[in-house]
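Novice: Pasting model.tsv here (TSV, C-alpha atoms):
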chain	number	residue	atom	x	y	z
F	1	MET	CA	45.31	-32.09	-4.93
F	2	SER	CA	44.95	-28.90	-6.90
F	3	LYS	CA	43.51	-25.83	-5.29
F	4	ALA	CA	41.41	-23.31	-7.19
F	5	VAL	CA	43.15	-19.99	-7.36
F	6	LEU	CA	40.80	-17.04	-7.23
F	7	LEU	CA	41.84	-13.72	-8.63
F	8	PRO	CA	42.13	-10.97	-6.04
F	9	GLU	CA	38.84	-9.06	-6.13
F	10	LYS	CA	40.36	-5.71	-5.40
F	11	ASP	CA	42.05	-5.61	-8.81
F	12	PHE	CA	38.71	-5.81	-10.58
F	13	LEU	CA	35.82	-3.44	-10.93
F	14	GLN	CA	32.35	-4.53	-11.86
F	15	CYS	CA	30.09	-2.28	-13.88
F	16	ARG	CA	26.71	-1.99	-12.18
F	17	VAL	CA	24.89	-1.50	-15.46
F	18	CYS	CA	26.22	-4.26	-17.72
F	19	ASN	CA	28.08	-6.40	-15.12
F	20	CYS	CA	31.30	-6.24	-17.17
F	21	LEU	CA	34.41	-6.99	-15.12
F	22	SER	CA	37.43	-4.88	-15.89
F	23	LYS	CA	40.92	-4.95	-14.54
F	24	VAL	CA	42.16	-1.79	-12.91
F	25	ALA	CA	45.64	-0.82	-14.04
F	26	GLN	CA	46.39	1.15	-10.93
F	27	GLU	CA	44.68	2.11	-7.71
F	28	PRO	CA	42.19	4.85	-8.63
F	29	GLY	CA	42.51	8.14	-6.79
F	30	ARG	CA	39.79	9.73	-4.68
F	31	TYR	CA	38.32	11.82	-7.49
F	32	ASP	CA	39.18	9.65	-10.48
F	33	VAL	CA	36.27	8.84	-12.70
F	34	LEU	CA	36.38	5.49	-14.46
F	35	TYR	CA	34.10	4.44	-17.28
F	36	CYS	CA	33.05	0.92	-18.18
F	37	PRO	CA	34.90	-0.16	-21.34
F	38	ARG	CA	31.85	-2.06	-22.56
F	39	CYS	CA	28.84	0.16	-21.93
F	40	GLY	CA	30.44	3.49	-21.03
F	41	ALA	CA	28.68	3.85	-17.67
F	42	LYS	CA	30.44	5.58	-14.80
F	43	MET	CA	31.98	2.94	-12.58
F	44	ASN	CA	32.00	2.64	-8.88
F	45	THR	CA	35.53	2.77	-7.56
F	46	GLY	CA	34.39	1.85	-4.07
F	47	LYS	CA	35.36	5.27	-2.79
F	48	ASN	CA	31.98	6.93	-3.05
F	49	ASN	CA	29.37	8.27	-0.69
F	50	SER	CA	26.76	5.58	-1.41
F	51	ILE	CA	26.00	5.02	2.29
F	52	GLU	CA	25.52	8.71	3.11
F	53	VAL	CA	23.31	9.36	0.06
F	54	THR	CA	21.21	6.28	0.79
F	55	TRP	CA	20.78	7.30	4.43
F	56	ALA	CA	19.60	10.75	3.37
F	57	LEU	CA	17.05	9.30	0.94
F	58	LEU	CA	15.94	6.68	3.45
F	59	ILE	CA	15.35	9.25	6.20
F	60	ALA	CA	13.40	11.44	3.75
F	61	ALA	CA	11.28	8.42	2.80
F	62	ALA	CA	10.67	7.53	6.46
F	63	ILE	CA	9.48	11.09	7.14
F	64	MET	CA	7.15	11.02	4.13
F	65	TYR	CA	5.79	7.63	5.27
F	66	ILE	CA	4.02	9.35	8.21
F	67	PRO	CA	1.79	11.76	6.21
F	68	ALA	CA	1.35	9.06	3.57
F	69	ASN	CA	-0.48	6.93	6.14
F	70	LEU	CA	-2.14	9.62	8.25
F	71	MET	CA	-3.41	11.87	5.49
F	72	PRO	CA	-6.33	10.90	3.25
F	73	VAL	CA	-5.36	9.61	-0.19
F	74	MET	CA	-8.73	10.10	-1.86
F	75	SER	CA	-12.34	11.06	-1.21
F	76	VAL	CA	-15.42	9.51	-2.74
F	77	TYR	CA	-18.38	11.92	-2.89
F	78	MET	CA	-21.74	10.23	-3.34
F	79	LEU	CA	-24.76	12.51	-3.79
F	80	GLY	CA	-22.83	15.44	-2.42
F	81	SER	CA	-21.73	13.78	0.80
F	82	GLY	CA	-18.61	11.74	1.29
F	83	GLN	CA	-15.58	11.30	3.39
F	84	PRO	CA	-11.85	11.21	2.79
F	85	ASP	CA	-10.13	7.86	3.11
F	86	THR	CA	-6.60	7.04	4.22
F	87	ILE	CA	-4.87	3.95	2.85
F	88	ILE	CA	-5.83	1.94	5.94
F	89	SER	CA	-9.46	3.07	6.06
F	90	GLY	CA	-9.73	2.35	2.33
F	91	ALA	CA	-8.54	-1.20	2.96
F	92	PHE	CA	-11.06	-1.54	5.83
F	93	HIS	CA	-13.91	-0.44	3.56
F	94	LEU	CA	-12.90	-3.20	1.15
F	95	VAL	CA	-12.99	-5.77	3.96
F	96	GLU	CA	-16.46	-4.52	4.98
F	97	ALA	CA	-17.59	-4.89	1.38
F	98	GLY	CA	-16.41	-8.50	1.46
F	99	GLN	CA	-13.55	-7.90	-1.00
F	100	TRP	CA	-10.88	-9.15	1.34
F	101	PRO	CA	-8.44	-10.47	-1.33
F	102	LEU	CA	-8.33	-6.94	-2.75
F	103	ALA	CA	-7.97	-5.45	0.72
F	104	LEU	CA	-5.07	-7.81	1.36
F	105	LEU	CA	-3.38	-6.78	-1.90
F	106	ILE	CA	-3.73	-3.07	-1.10
F	107	PHE	CA	-2.59	-3.66	2.48
F	108	VAL	CA	0.52	-5.59	1.41
F	109	ALA	CA	1.47	-3.32	-1.50
F	110	SER	CA	0.81	-0.01	0.24
F	111	ILE	CA	1.62	-0.59	3.90
F	112	VAL	CA	3.69	-3.74	4.41
F	113	VAL	CA	6.04	-3.42	1.42
F	114	PRO	CA	7.07	0.25	1.97
F	115	LEU	CA	7.58	-0.42	5.68
F	116	LEU	CA	9.61	-3.57	4.99
F	117	LYS	CA	11.68	-1.62	2.44
F	118	LEU	CA	12.47	1.09	4.98
F	119	PHE	CA	13.54	-1.49	7.57
F	120	ALA	CA	15.44	-3.66	5.07
F	121	LEU	CA	17.44	-0.73	3.69
F	122	GLY	CA	18.11	0.60	7.19
F	123	PHE	CA	19.25	-2.84	8.31
F	124	LEU	CA	21.52	-3.23	5.26
F	125	LEU	CA	23.03	0.23	5.83
F	126	VAL	CA	23.75	-0.42	9.51
F	127	THR	CA	25.34	-3.82	8.84
F	128	MET	CA	27.41	-2.32	6.00
F	129	GLN	CA	28.68	0.44	8.25
F	130	MET	CA	29.57	-2.13	10.90
F	131	LYS	CA	31.39	-4.07	8.18
F	132	SER	CA	29.56	-7.11	9.44
F	133	SER	CA	30.22	-10.53	7.96
F	134	TRP	CA	26.92	-11.91	9.23
F	135	ARG	CA	25.05	-13.92	6.54
F	136	GLN	CA	26.35	-11.89	3.62
F	137	ARG	CA	24.70	-14.08	1.03
F	138	ASP	CA	21.29	-13.64	2.64
F	139	ARG	CA	21.79	-9.90	2.90
F	140	VAL	CA	22.55	-9.68	-0.84
F	141	LEU	CA	19.33	-11.62	-1.43
F	142	LEU	CA	17.46	-9.20	0.82
F	143	TYR	CA	18.90	-6.30	-1.19
F	144	ARG	CA	17.84	-7.80	-4.50
F	145	MET	CA	14.32	-8.49	-3.25
F	146	THR	CA	14.04	-4.95	-1.90
F	147	GLU	CA	15.20	-3.52	-5.21
F	148	TYR	CA	12.84	-5.69	-7.24
F	149	ILE	CA	9.69	-5.32	-5.18
F	150	GLY	CA	9.77	-1.53	-4.72
F	151	ARG	CA	8.04	-0.49	-7.92
F	152	TRP	CA	4.96	-2.62	-7.18
F	153	SER	CA	3.96	-0.25	-4.40
F	154	MET	CA	2.97	2.25	-7.09
F	155	VAL	CA	-0.15	0.15	-7.69
F	156	ASP	CA	-2.19	2.17	-5.19
F	157	VAL	CA	-1.28	5.46	-6.89
F	158	PHE	CA	-2.34	3.98	-10.23
F	159	VAL	CA	-5.66	2.77	-8.80
F	160	ILE	CA	-6.35	6.27	-7.49
F	161	ALA	CA	-5.40	7.75	-10.89
F	162	ILE	CA	-7.84	5.42	-12.65
F	163	LEU	CA	-10.64	6.12	-10.16
F	164	ALA	CA	-10.03	9.88	-10.30
F	165	GLY	CA	-10.09	9.81	-14.08
F	166	LEU	CA	-13.06	7.48	-14.45
F	167	VAL	CA	-15.46	8.20	-11.60
F	168	GLN	CA	-16.52	11.75	-12.48
F	169	PHE	CA	-20.29	11.95	-12.53
F	170	GLY	CA	-20.74	15.38	-11.00
F	171	ASN	CA	-23.00	15.33	-7.96
F	172	LEU	CA	-23.96	11.69	-8.35
F	173	VAL	CA	-20.56	10.27	-7.57
F	174	ARG	CA	-17.05	11.62	-7.97
F	175	VAL	CA	-13.57	10.82	-6.74
F	176	GLU	CA	-11.09	13.45	-5.62
F	177	THR	CA	-7.41	13.00	-4.91
F	178	ASN	CA	-5.98	14.17	-1.59
F	179	ALA	CA	-2.47	15.09	-0.52
F	180	GLY	CA	-1.78	11.65	1.01
F	181	THR	CA	-1.31	10.26	-2.48
F	182	LEU	CA	1.51	12.72	-3.13
F	183	SER	CA	3.37	11.72	0.05
F	184	PHE	CA	2.80	8.06	-0.70
F	185	ALA	CA	4.21	8.41	-4.23
F	186	ALA	CA	7.16	10.27	-2.69
F	187	VAL	CA	7.82	7.31	-0.35
F	188	VAL	CA	7.82	4.88	-3.28
F	189	VAL	CA	10.06	7.05	-5.47
F	190	LEU	CA	12.49	7.88	-2.65
F	191	THR	CA	12.88	4.24	-1.57
F	192	MET	CA	13.36	3.19	-5.20
F	193	ILE	CA	16.15	5.75	-5.62
F	194	ALA	CA	17.60	4.73	-2.23
F	195	ALA	CA	17.72	1.07	-3.30
F	196	HIS	CA	19.47	2.17	-6.49
F	197	THR	CA	22.10	4.36	-4.80
F	198	LEU	CA	22.97	1.67	-2.26
F	199	ASP	CA	26.07	-0.17	-3.45
F	200	GLU	CA	25.41	-3.82	-2.59
F	201	HIS	CA	29.07	-4.68	-3.09
F	202	LEU	CA	29.73	-3.03	0.27
F	203	ILE	CA	28.12	-6.12	1.85
F	204	TRP	CA	31.25	-8.05	0.97
F	205	GLU	CA	33.54	-5.48	2.52
F	206	VAL	CA	34.18	-7.00	5.92
F	207	THR	CA	36.52	-5.88	8.67
F	208	ALA	CA	40.24	-6.08	8.07
F	209	LYS	CA	40.57	-8.27	11.14
F	210	GLU	CA	38.41	-10.99	9.69
F	211	ASP	CA	40.20	-10.76	6.37
F	212	ARG	CA	43.47	-11.45	8.15
F	213	ALA	CA	41.90	-14.34	10.03
F	214	ASN	CA	40.70	-15.81	6.76
F	215	ASP	CA	44.12	-15.40	5.19
F	216	GLU	CA	45.72	-17.27	8.06
F	217	HIS	CA	43.06	-19.93	7.80
F	218	ASN	CA	43.78	-20.46	4.11
H	1	MET	CA	17.11	-14.71	-30.86
H	2	LEU	CA	17.72	-11.13	-31.96
H	3	GLU	CA	15.14	-11.56	-34.72
H	4	VAL	CA	12.54	-12.78	-32.21
H	5	ALA	CA	13.24	-9.81	-29.97
H	6	LEU	CA	13.03	-7.45	-32.95
H	7	ALA	CA	9.66	-8.91	-33.93
H	8	LEU	CA	8.39	-8.58	-30.36
H	9	THR	CA	9.60	-4.98	-30.17
H	10	VAL	CA	7.83	-3.98	-33.41
H	11	THR	CA	4.67	-5.73	-32.19
H	12	GLY	CA	5.05	-3.94	-28.88
H	13	LEU	CA	5.29	-0.55	-30.60
H	14	ILE	CA	2.14	-1.19	-32.63
H	15	LEU	CA	0.30	-2.33	-29.49
H	16	PHE	CA	1.59	0.72	-27.63
H	17	PHE	CA	0.01	3.06	-30.17
H	18	LEU	CA	-3.22	1.05	-30.16
H	19	THR	CA	-3.32	1.19	-26.36
H	20	ASN	CA	-2.89	4.94	-26.43
H	21	SER	CA	-5.56	5.57	-29.04
H	22	PHE	CA	-8.48	3.62	-27.57
H	23	PRO	CA	-10.30	3.76	-24.22
H	24	LEU	CA	-9.09	1.36	-21.56
H	25	LEU	CA	-12.17	1.27	-19.35
H	26	GLY	CA	-15.60	2.80	-19.39
H	27	LEU	CA	-18.13	3.37	-16.64
H	28	LYS	CA	-21.87	3.79	-17.16
H	29	ALA	CA	-24.04	5.42	-14.54
H	30	GLN	CA	-27.51	6.94	-15.12
H	31	GLY	CA	-27.07	6.94	-18.86
H	32	ILE	CA	-23.76	8.81	-18.79
H	33	VAL	CA	-20.66	6.99	-20.01
H	34	GLN	CA	-17.22	8.01	-18.74
H	35	GLU	CA	-14.21	6.57	-20.49
H	36	ILE	CA	-10.58	6.50	-19.57
H	37	THR	CA	-7.55	6.17	-21.81
H	38	LEU	CA	-3.96	5.68	-20.69
H	39	TRP	CA	-3.35	9.39	-21.33
H	40	LYS	CA	-6.45	10.42	-19.35
H	41	ALA	CA	-5.29	8.31	-16.39
H	42	THR	CA	-1.96	10.15	-16.34
H	43	VAL	CA	-3.52	13.61	-16.51
H	44	ALA	CA	-6.29	12.83	-13.99
H	45	PHE	CA	-4.09	14.19	-11.19
H	46	TRP	CA	-3.27	17.38	-13.12
H	47	GLY	CA	-6.83	18.63	-13.04
H	48	GLN	CA	-7.06	17.99	-9.31
H	49	GLY	CA	-4.01	20.05	-8.46
H	50	PHE	CA	-1.34	17.36	-8.28
H	51	GLN	CA	0.81	18.27	-11.27
H	52	VAL	CA	3.90	16.54	-9.87
H	53	LEU	CA	2.05	13.22	-9.67
H	54	SER	CA	0.77	13.71	-13.17
H	55	VAL	CA	4.30	14.17	-14.50
H	56	LEU	CA	5.46	11.08	-12.56
H	57	LEU	CA	2.69	8.97	-14.09
H	58	LEU	CA	3.41	10.38	-17.54
H	59	LEU	CA	7.03	9.25	-17.19
H	60	ASN	CA	6.13	5.85	-15.73
H	61	LEU	CA	3.37	4.94	-18.14
H	62	ILE	CA	4.16	6.66	-21.42
H	63	VAL	CA	7.65	8.17	-21.69
H	64	PHE	CA	9.79	5.34	-20.25
H	65	PRO	CA	7.91	2.41	-21.85
H	66	LEU	CA	8.01	4.20	-25.23
H	67	PHE	CA	11.69	4.95	-24.76
H	68	GLU	CA	12.32	1.30	-23.91
H	69	LEU	CA	10.58	0.11	-27.07
H	70	LEU	CA	12.25	2.65	-29.35
H	71	ALA	CA	15.69	2.05	-27.81
H	72	LEU	CA	15.26	-1.71	-28.24
H	73	LEU	CA	14.21	-1.20	-31.86
H	74	TRP	CA	17.27	0.96	-32.58
H	75	VAL	CA	19.62	-1.49	-30.84
H	76	MET	CA	18.18	-4.52	-32.63
H	77	LEU	CA	18.30	-2.81	-36.01
H	78	SER	CA	21.85	-1.55	-35.58
H	79	ILE	CA	23.02	-5.04	-34.57
H	80	HIS	CA	21.09	-6.58	-37.45
H	81	PHE	CA	22.50	-4.23	-40.09
H	82	ARG	CA	25.93	-3.99	-38.40
H	83	LYS	CA	25.79	-0.22	-38.40
H	84	SER	CA	27.84	2.01	-36.14
H	85	ASN	CA	27.01	0.94	-32.60
H	86	CYS	CA	28.05	4.15	-30.88
H	87	PHE	CA	24.58	5.56	-30.30
H	88	ALA	CA	23.06	2.09	-29.79
H	89	THR	CA	25.42	1.37	-26.88
H	90	TYR	CA	24.42	4.66	-25.29
H	91	LEU	CA	20.71	3.94	-25.80
H	92	TYR	CA	20.91	0.39	-24.49
H	93	ARG	CA	22.74	1.53	-21.36
H	94	TRP	CA	20.07	4.12	-20.59
H	95	MET	CA	17.32	1.64	-21.39
H	96	ARG	CA	18.76	-0.85	-18.89
H	97	GLN	CA	19.03	1.85	-16.25
H	98	LEU	CA	15.57	3.31	-16.77
H	99	LYS	CA	13.82	-0.05	-17.08
H	100	PRO	CA	12.57	-0.20	-13.45
H	101	TRP	CA	10.88	3.19	-13.94
H	102	GLY	CA	8.63	2.00	-16.73
H	103	MET	CA	5.69	0.56	-14.80
H	104	LEU	CA	3.19	-0.73	-17.32
H	105	GLU	CA	2.77	-4.11	-15.61
H	106	VAL	CA	2.20	-2.41	-12.25
H	107	PHE	CA	-0.44	-0.25	-13.94
H	108	MET	CA	-2.08	-3.41	-15.28
H	109	LEU	CA	-2.43	-4.65	-11.69
H	110	GLY	CA	-3.92	-1.24	-10.84
H	111	VAL	CA	-6.43	-1.59	-13.69
H	112	LEU	CA	-7.48	-5.01	-12.38
H	113	VAL	CA	-7.88	-3.67	-8.85
H	114	ALA	CA	-9.98	-0.78	-10.19
H	115	VAL	CA	-12.12	-3.22	-12.20
H	116	VAL	CA	-12.89	-5.31	-9.11
H	117	LYS	CA	-13.50	-2.19	-7.00
H	118	LEU	CA	-15.91	-0.63	-9.48
H	119	GLY	CA	-17.55	-3.89	-10.48
H	120	ASP	CA	-20.46	-3.58	-8.07
H	121	LEU	CA	-20.71	0.21	-8.18
H	122	ALA	CA	-21.74	0.67	-11.81
H	123	ILE	CA	-21.75	-0.94	-15.22
H	124	LEU	CA	-18.17	-1.39	-16.32
H	125	ILE	CA	-17.18	-1.42	-19.99
H	126	VAL	CA	-13.90	-3.05	-20.89
H	127	GLY	CA	-12.44	-1.03	-23.76
H	128	PRO	CA	-10.39	-2.27	-26.73
H	129	ALA	CA	-7.21	-0.77	-25.26
H	130	PHE	CA	-7.53	-3.15	-22.30
H	131	TRP	CA	-6.76	-6.13	-24.54
H	132	SER	CA	-4.00	-4.44	-26.52
H	133	PHE	CA	-2.53	-3.31	-23.20
H	134	ALA	CA	-2.51	-6.88	-21.87
H	135	ALA	CA	-0.85	-8.06	-25.10
H	136	LEU	CA	1.68	-5.20	-24.88
H	137	ILE	CA	2.76	-6.33	-21.40
H	138	VAL	CA	3.17	-9.91	-22.61
H	139	CYS	CA	5.22	-8.66	-25.60
H	140	MET	CA	7.53	-6.51	-23.50
H	141	ALA	CA	8.03	-9.27	-20.92
H	142	ALA	CA	8.77	-11.76	-23.71
H	143	ALA	CA	11.25	-9.37	-25.36
H	144	THR	CA	13.04	-8.96	-22.03
H	145	ALA	CA	13.08	-12.71	-21.42
H	146	VAL	CA	14.29	-13.60	-24.92
H	147	LEU	CA	17.04	-11.03	-24.99
H	148	ASP	CA	20.17	-11.89	-23.03
H	149	PRO	CA	21.83	-8.58	-22.12
H	150	PHE	CA	25.21	-10.28	-22.19
H	151	VAL	CA	24.78	-11.22	-25.85
H	152	VAL	CA	23.56	-7.71	-26.72
H	153	TRP	CA	26.54	-6.10	-24.98
H	154	ASN	CA	28.93	-8.40	-26.76
H	155	SER	CA	27.35	-7.72	-30.17
H	156	LEU	CA	27.46	-4.00	-29.49
H	157	LYS	CA	31.05	-4.15	-28.29
H	158	GLN	CA	32.40	-4.79	-31.80
H	159	GLY	CA	31.99	-1.27	-33.05
H	160	ARG	CA	31.81	0.72	-29.84
H	161	CYS	CA	32.90	4.31	-29.72
H	162	ASP	CA	35.35	5.85	-27.31
H	163	GLU	CA	34.03	8.42	-24.92
Now that the file is in, can you turn its structure into structure tokens?
Specialist:
Amino acid sequence: MSKAVLLPEKDFLQCRVCNCLSKVAQEPGRYDVLYCPRCGAKMNTGKNNSIEVTWALLIAAAIMYIPANLMPVMSVYMLGSGQPDTIISGAFHLVEAGQWPLALLIFVASIVVPLLKLFALGFLLVTMQMKSSWRQRDRVLLYRMTEYIGRWSMVDVFVIAILAGLVQFGNLVRVETNAGTLSFAAVVVLTMIAAHTLDEHLIWEVTAKEDRANDEHN
Amino acid sequence: MLEVALALTVTGLILFFLTNSFPLLGLKAQGIVQEITLWKATVAFWGQGFQVLSVLLLLNLIVFPLFELLALLWVMLSIHFRKSNCFATYLYRWMRQLKPWGMLEVFMLGVLVAVVKLGDLAILIVGPAFWSFAALIVCMAAATAVLDPFVVWNSLKQGRCDE
């Protein structure tokens, strides 16, 4: 019975931009910079500060999440009087108006998704630092979903931009933007950058002990 | 496959200019009509004191999508005419990296939300740019789906330059 022989992963580097695999001639040093032979992008030698940078961005995003939800994002002035709305109160107004599918969309895109992203990235970072081998495949899937879904949270900022640009009828009715929108956009941008800086290959880097156990098992 | 992607990219560029030259939505209240174009939506925040947001929207909705289309056009043409691929490789790499930051399809969802929100407030006019915008999104999605990055990288690899 023949046994498939897999090449040792540590001899190969994968380019994160074009996915090209290249063989490393020798162990790269701490400050060596390697470029992908196919697309020319800087390659990850595995000795970077991806976890620290991602933590910093994630903490910044978590801090910005608080004003993003507490501060008003926009105000609608009708006949001179009006009140500022936060994301949540805006969603409630939509429910009151009977537009619950829209309210659900805003609620999911603006509250649930950013919160889930913060928790998912935090969870991935902690398990990476623990060099956990727990459900690695599922964690990679979680990473990919987090990376893909992030940009859709911008929808609320775009809606506010359209309303602020369109609903300008002087004293009759007008829409004004408030500072909450800025913090909310900051959350989206920061989590998008955080998802990008996180090196998902670290998920496969498990403890040396388990590697040895696997070697013995094989 | 490359020819289909090239055709879609050229179509996309034409639709992009159409989308930017006509109003997207209009709103009529008490005889006054307010219209919004893609450009006006990006600068709406500027006038209200949020210049940073305005720049972010400008990048997301105009600069990055236009860069994506132009980069694709250059890459397709240089593969088609077998020209020097040095600059094309560079462009394609940046296009792949900046792709998530072009958010036209997210903006489309925003437009739809705004349409539903404003529907019972006033008379809404759907502008010509709305339709070209919808077609633009379909074109860009189709170009992405048709084009296998692996094939592009391999075609570009032939005449790559050394950095």
Novice: With a distance cut-off of 12 Å and all atoms listed in the file, select the neighbouring residues of Thr181 in chain F, excluding the residue or stretch itself and same-chain residues fewer than 4 positions from it, and output the selection as an NGL selection string.
Specialist: (:F and (64-75 or 84-87 or 110 or 153-161 or 164 or 176-177 or 185-188)) or (:H and (45 or 48-50 or 52-54))
Novice: Deliver the residues from the most recent selection as a file, using C-alpha atoms, as a PDB file, in the coordinates of the input.
Specialist:
ATOM      1  CA  MET F  64       7.150  11.020   4.130  1.00  0.00           C
ATOM      2  CA  TYR F  65       5.790   7.630   5.270  1.00  0.00           C
ATOM      3  CA  ILE F  66       4.020   9.350   8.210  1.00  0.00           C
ATOM      4  CA  PRO F  67       1.790  11.760   6.210  1.00  0.00           C
ATOM      5  CA  ALA F  68       1.350   9.060   3.570  1.00  0.00           C
ATOM      6  CA  ASN F  69      -0.480   6.930   6.140  1.00  0.00           C
ATOM      7  CA  LEU F  70      -2.140   9.620   8.250  1.00  0.00           C
ATOM      8  CA  MET F  71      -3.410  11.870   5.490  1.00  0.00           C
ATOM      9  CA  PRO F  72      -6.330  10.900   3.250  1.00  0.00           C
ATOM     10  CA  VAL F  73      -5.360   9.610  -0.190  1.00  0.00           C
ATOM     11  CA  MET F  74      -8.730  10.100  -1.860  1.00  0.00           C
ATOM     12  CA  SER F  75     -12.340  11.060  -1.210  1.00  0.00           C
ATOM     13  CA  PRO F  84     -11.850  11.210   2.790  1.00  0.00           C
ATOM     14  CA  ASP F  85     -10.130   7.860   3.110  1.00  0.00           C
ATOM     15  CA  THR F  86      -6.600   7.040   4.220  1.00  0.00           C
ATOM     16  CA  ILE F  87      -4.870   3.950   2.850  1.00  0.00           C
ATOM     17  CA  SER F 110       0.810  -0.010   0.240  1.00  0.00           C
ATOM     18  CA  SER F 153       3.960  -0.250  -4.400  1.00  0.00           C
ATOM     19  CA  MET F 154       2.970   2.250  -7.090  1.00  0.00           C
ATOM     20  CA  VAL F 155      -0.150   0.150  -7.690  1.00  0.00           C
ATOM     21  CA  ASP F 156      -2.190   2.170  -5.190  1.00  0.00           C
ATOM     22  CA  VAL F 157      -1.280   5.460  -6.890  1.00  0.00           C
ATOM     23  CA  PHE F 158      -2.340   3.980 -10.230  1.00  0.00           C
ATOM     24  CA  VAL F 159      -5.660   2.770  -8.800  1.00  0.00           C
ATOM     25  CA  ILE F 160      -6.350   6.270  -7.490  1.00  0.00           C
ATOM     26  CA  ALA F 161      -5.400   7.750 -10.890  1.00  0.00           C
ATOM     27  CA  ALA F 164     -10.030   9.880 -10.300  1.00  0.00           C
ATOM     28  CA  GLU F 176     -11.090  13.450  -5.620  1.00  0.00           C
ATOM     29  CA  THR F 177      -7.410  13.000  -4.910  1.00  0.00           C
ATOM     30  CA  ALA F 185       4.210   8.410  -4.230  1.00  0.00           C
ATOM     31  CA  ALA F 186       7.160  10.270  -2.690  1.00  0.00           C
ATOM     32  CA  VAL F 187       7.820   7.310  -0.350  1.00  0.00           C
ATOM     33  CA  VAL F 188       7.820   4.880  -3.280  1.00  0.00           C
TER      34      VAL F 188
ATOM     35  CA  PHE H  45      -4.090  14.190 -11.190  1.00  0.00           C
ATOM     36  CA  GLN H  48      -7.060  17.990  -9.310  1.00  0.00           C
ATOM     37  CA  GLY H  49      -4.010  20.050  -8.460  1.00  0.00           C
ATOM     38  CA  PHE H  50      -1.340  17.360  -8.280  1.00  0.00           C
ATOM     39  CA  VAL H  52       3.900  16.540  -9.870  1.00  0.00           C
ATOM     40  CA  LEU H  53       2.050  13.220  -9.670  1.00  0.00           C
ATOM     41  CA  SER H  54       0.770  13.710 -13.170  1.00  0.00           C
TER      42      SER H  54
END
Novice: Counting all atoms listed in the file, give me one row per residue of chain H with an atom at most 7 Å from an atom of chain F, showing the shortest contact pair and its distance in Å to one decimal, sorted by chain then residue number, as a Markdown table.
Specialist:
| residue | atom | partner | partner_atom | distance |
| --- | --- | --- | --- | --- |
| H:Leu27 | CA | F:Leu166 | CA | 6.9 |
| H:Gln34 | CA | F:Leu166 | CA | 6.0 |
| H:Glu35 | CA | F:Leu166 | CA | 6.2 |
| H:Ile36 | CA | F:Leu166 | CA | 5.8 |
| H:Lys40 | CA | F:Gly165 | CA | 6.4 |
| H:Ala41 | CA | F:Ile162 | CA | 5.4 |
| H:Thr42 | CA | F:Ala161 | CA | 6.9 |
| H:Ala44 | CA | F:Gly165 | CA | 4.9 |
| H:Phe45 | CA | F:Ala161 | CA | 6.6 |
| H:Gln48 | CA | F:Thr177 | CA | 6.7 |
| H:Leu53 | CA | F:Leu182 | CA | 6.6 |
| H:Thr89 | CA | F:Cys39 | CA | 6.1 |
| H:Arg93 | CA | F:Cys39 | CA | 6.3 |
| H:Gln97 | CA | F:Val17 | CA | 6.8 |
| H:Val106 | CA | F:Val155 | CA | 5.7 |
| H:Phe107 | CA | F:Phe158 | CA | 5.9 |
| H:Leu109 | CA | F:Val155 | CA | 6.7 |
| H:Gly110 | CA | F:Val159 | CA | 4.8 |
| H:Val111 | CA | F:Val159 | CA | 6.6 |
| H:Val113 | CA | F:Val159 | CA | 6.8 |
| H:Ala114 | CA | F:Val159 | CA | 5.8 |
| H:Lys157 | CA | F:Arg38 | CA | 6.2 |
Novice: My list of candidates is H:Ala5, H:Gly47, H:Asp148, H:Glu105. Which is closest to Trp74 in chain H when distances are computed with only C-alpha atoms?
Specialist: H:Ala5
Novice: Taking only C-alpha atoms into account, which of H:Leu66, H:Cys86, H:Val152, H:Val126 comes nearest Ile14 in chain H?
Specialist: H:Leu66
Novice: Show me, as a ChimeraX atom specification, the residues that have an atom within 10 Å of Ala134 in chain H when counting all atoms listed in the file, minus same-chain residues fewer than 5 positions from it.
Specialist: /H:15,19,104-105,108,129,139
Novice: What is the distance between CA of Asn20 in chain H and CA of Met103 in chain H, in Å to one decimal?
Specialist: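 Taking CA of Asn20 in chain H as the start and CA of Met103 in chain H as the end point, the length is 15.1 Å.
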Novice: Expressed in Å to a single decimal, how great is the separation between CA of Val116 in chain H and CA of Tyr77 in chain F?
Specialist: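 Taking CA of Val116 in chain H as the start and CA of Tyr77 in chain F as the end point, the length is 19.1 Å.
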Novice: Looking at only C-alpha atoms, which of F:Val76, F:Glu96, F:Cys36, F:Thr191 is the one that sits closest to Leu21 in chain F?
Specialist: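 Result for the nearest residue to Leu21 in chain F: F:Cys36.
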Novice: If we count only C-alpha atoms, what is near Phe81 in chain H at a cut-off of 12 Å, once residues fewer than 4 positions away on the same chain are taken out, given as a PyMOL selection string?
Specialist: chain H and resi 2-3+74-77+85+155-156
Novice: Counting only C-alpha atoms, which residue out of H:Leu118, H:Met140, H:Leu70, H:Ala135 sits closest to Leu8 in chain H?
Specialist: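 Checking each candidate against Leu8 in chain H, we get H:Met140 as the closest.
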Novice: Write out as an MDAnalysis selection string each polymer residue whose atoms come within 7 Å of Ser50 in chain F, counting all atoms listed in the file; drop sequence neighbours fewer than 2 positions from it.
Specialist: chainID F and resid 48 52:54 197:199
Novice: Can you work out the spacing between CA of Leu115 in chain F and CA of Ser132 in chain F in Å, to one decimal?
Specialist: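 Straight-line distance from CA of Leu115 in chain F to CA of Ser132 in chain F works out to 23.3 Å.
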Novice: Applying 9 Å and all atoms listed in the file, which residues near range 117-119 of chain F remain after dropping the ones on its own chain fewer than 6 positions away? List them as a VMD selection string.
Specialist: chain F and resid 58 to 59 61 to 62 146 to 147 149 to 150 191 195
